Amino acid sequence: MLKINDEYVNKVKHWFSGYVEIFKNGDDDLLQNTILKEKHTKEVCKNILIIGQQLNLNNNELNFANIIALFHDVGRFEQYAHYRTFADNKSENHAELGVKILKEKKVLSQLDESTQSLILRAISYHNRFAVPEEETEKCIFFSKLLRDADKLDIWRVVTDYYLNNNGKKNKTIELSLPDTNNFSEEVYQDIINYRLVDIKHLKNLNDFKLLQMGWVFDVNFKPTFKLLQERNYLEMIYQVLPKSEKTEKVYSIIQSFLEGKIN
């Protein structure tokens with residue numbers, strides 16, 4: 001991996017800011033969701049540096065991590081402008097779209113090919129069900145680091161929305177799912193069996209909330225588990241679920257799992 005200095009990180013941050021500005025010239029809906037994703041990107045950059053520092057990464061590794069966080073959702077802006085959704089299954093894979101944009105615009109052209117490839121692979125894996133096991137150790141490490149930082153901020157976005165939306169619906173955050181009282185047995189079974197929820201099982205917004213709680217099974221690093229506990233995101237999601245024996249069981253399983261990973 002090529003040495004990446006602070007100056008280069010500042011240069012690509014400048015490019016990113018300019019690129020995002022293009023999408024702020026549309027209607028209010030596009031503007032709102034562009035700002036949402038721009039803030040998300042900045043927070044994922046902060047998260048990845050916090051986790052990386054606690055894992056004792058050196059400055060070069062932290063700069064590399066910062067770049068993959070900066071560009072992990074670069075495809076989201078074009079995706080929303082074109083399709084008016086963040087649902088990949090209703091548009092196209094935003095990670096692959098981001099890789100395509102970075103290649104077309106030659107954003108990483110100053111880096112050597114192996115470093116470019118590592119960045120693009122980490123970005124392309126960030127939204128997959130799992131990181132390919134046949135990848136290099138370095139790629140797996142940084143991909144998992146990105147996935148942790150990304151999840152932490154998605155938890156921030158959704159909990160803020162669930163608790164503070166004042167009745168204003170954002171169908172892009174809710175993936176246009178119906179807000180009905182129940183939840184699916186398949187989703188419940190995934191969680192009580194310590195499995196990531198299969199997105200195909202989602203039938204309503206409560207299913208989506210349970211899926212978000214179940215992401216805890218795909219967290220990779222102890223500092224991330226600690227941040228998750230400190231920020232209380234799982235309890236916040238539990239608060240906005242219908243109360244029943246099943247949701248209590250889900251919450252109990254998830255909290256025990258989290259505490260086990262920390263202790």
# chains A, B, ... in the order shown; residues from 1 in each chain; ligands from 1

$ closest_atom_pairs --of "segment 65-144 of chain A" --to "segment 33-51 of chain A" --cutoff "8 Å" --atoms "only C-alpha atoms" --output "Markdown table"
| residue | atom | partner | partner_atom | distance |
| --- | --- | --- | --- | --- |
| A:Ala65 | CA | A:Ile48 | CA | 6.6 |
| A:Asn66 | CA | A:Cys45 | CA | 5.5 |
| A:Ala69 | CA | A:Cys45 | CA | 5.2 |
| A:Leu70 | CA | A:Thr41 | CA | 5.9 |
| A:Phe71 | CA | A:Thr41 | CA | 7.8 |
| A:His72 | CA | A:Thr41 | CA | 7.8 |
| A:Asp73 | CA | A:Thr41 | CA | 7.0 |
| A:Arg76 | CA | A:Lys37 | CA | 7.3 |
| A:Phe77 | CA | A:Thr34 | CA | 6.2 |
| A:Tyr80 | CA | A:Asn33 | CA | 7.8 |

$ write_last_selection --atoms "C-alpha atoms" --output "compact mmCIF listing (two decimals), in the first residue's frame"
# COMPACT_ATOMS: atom_id res chain seq x y z
CA ALA A 65 -9.21 4.37 6.25
CA ASN A 66 -10.33 8.00 5.96
CA ALA A 69 -14.91 6.18 4.44
CA LEU A 70 -15.01 9.40 2.39
CA PHE A 71 -15.87 7.56 -0.82
CA HIS A 72 -17.89 4.58 0.47
CA ASP A 73 -21.24 6.22 -0.41
CA ARG A 76 -25.56 7.55 -3.27
CA PHE A 77 -25.80 11.08 -4.72
CA TYR A 80 -30.86 9.43 -5.49

$ residues_around --residues "segment 183-187 of chain A" --least-positions-apart "6" --cutoff "12 Å" --atoms "only C-alpha atoms" --output "PyMOL selection string"
chain A and resi 177+193-214+241-244+246-247+250

$ closest_residue --among "A:Val99, A:Val219, A:Leu163, A:Ile154" --to "Ser117 of chain A" --atoms "only C-alpha atoms"
A:Val99

$ closest_residue --among "A:Gln32, A:Asn63, A:Ser256, A:Asn220" --to "Ala130 of chain A" --atoms "only C-alpha atoms"
A:Asn220

$ select_by_dssp --residues "segment 38-238 of chain A" --states "alpha helix (DSSP H)" --output "PyMOL selection string"
chain A and resi 38-54+59-71+75-83+94-104+113-125+137-164+185-192+205-214+222-231+233-238

$ atom_distance --atom1 "atom CA of His126 of chain A" --atom2 "atom CA of Ser143 of chain A"
6.3 Å

$ closest_residue --among "A:Gln239, A:Asn93, A:Thr224, A:Gln116" --to "Arg128 of chain A" --atoms "only C-alpha atoms"
A:Asn93

$ atom_distance --atom1 "atom CA of Val157 of chain A" --atom2 "atom CA of Asn59 of chain A"
28.4 Å

$ atom_distance --atom1 "atom CA of Gly26 of chain A" --atom2 "atom CA of Thr85 of chain A"
15.0 Å
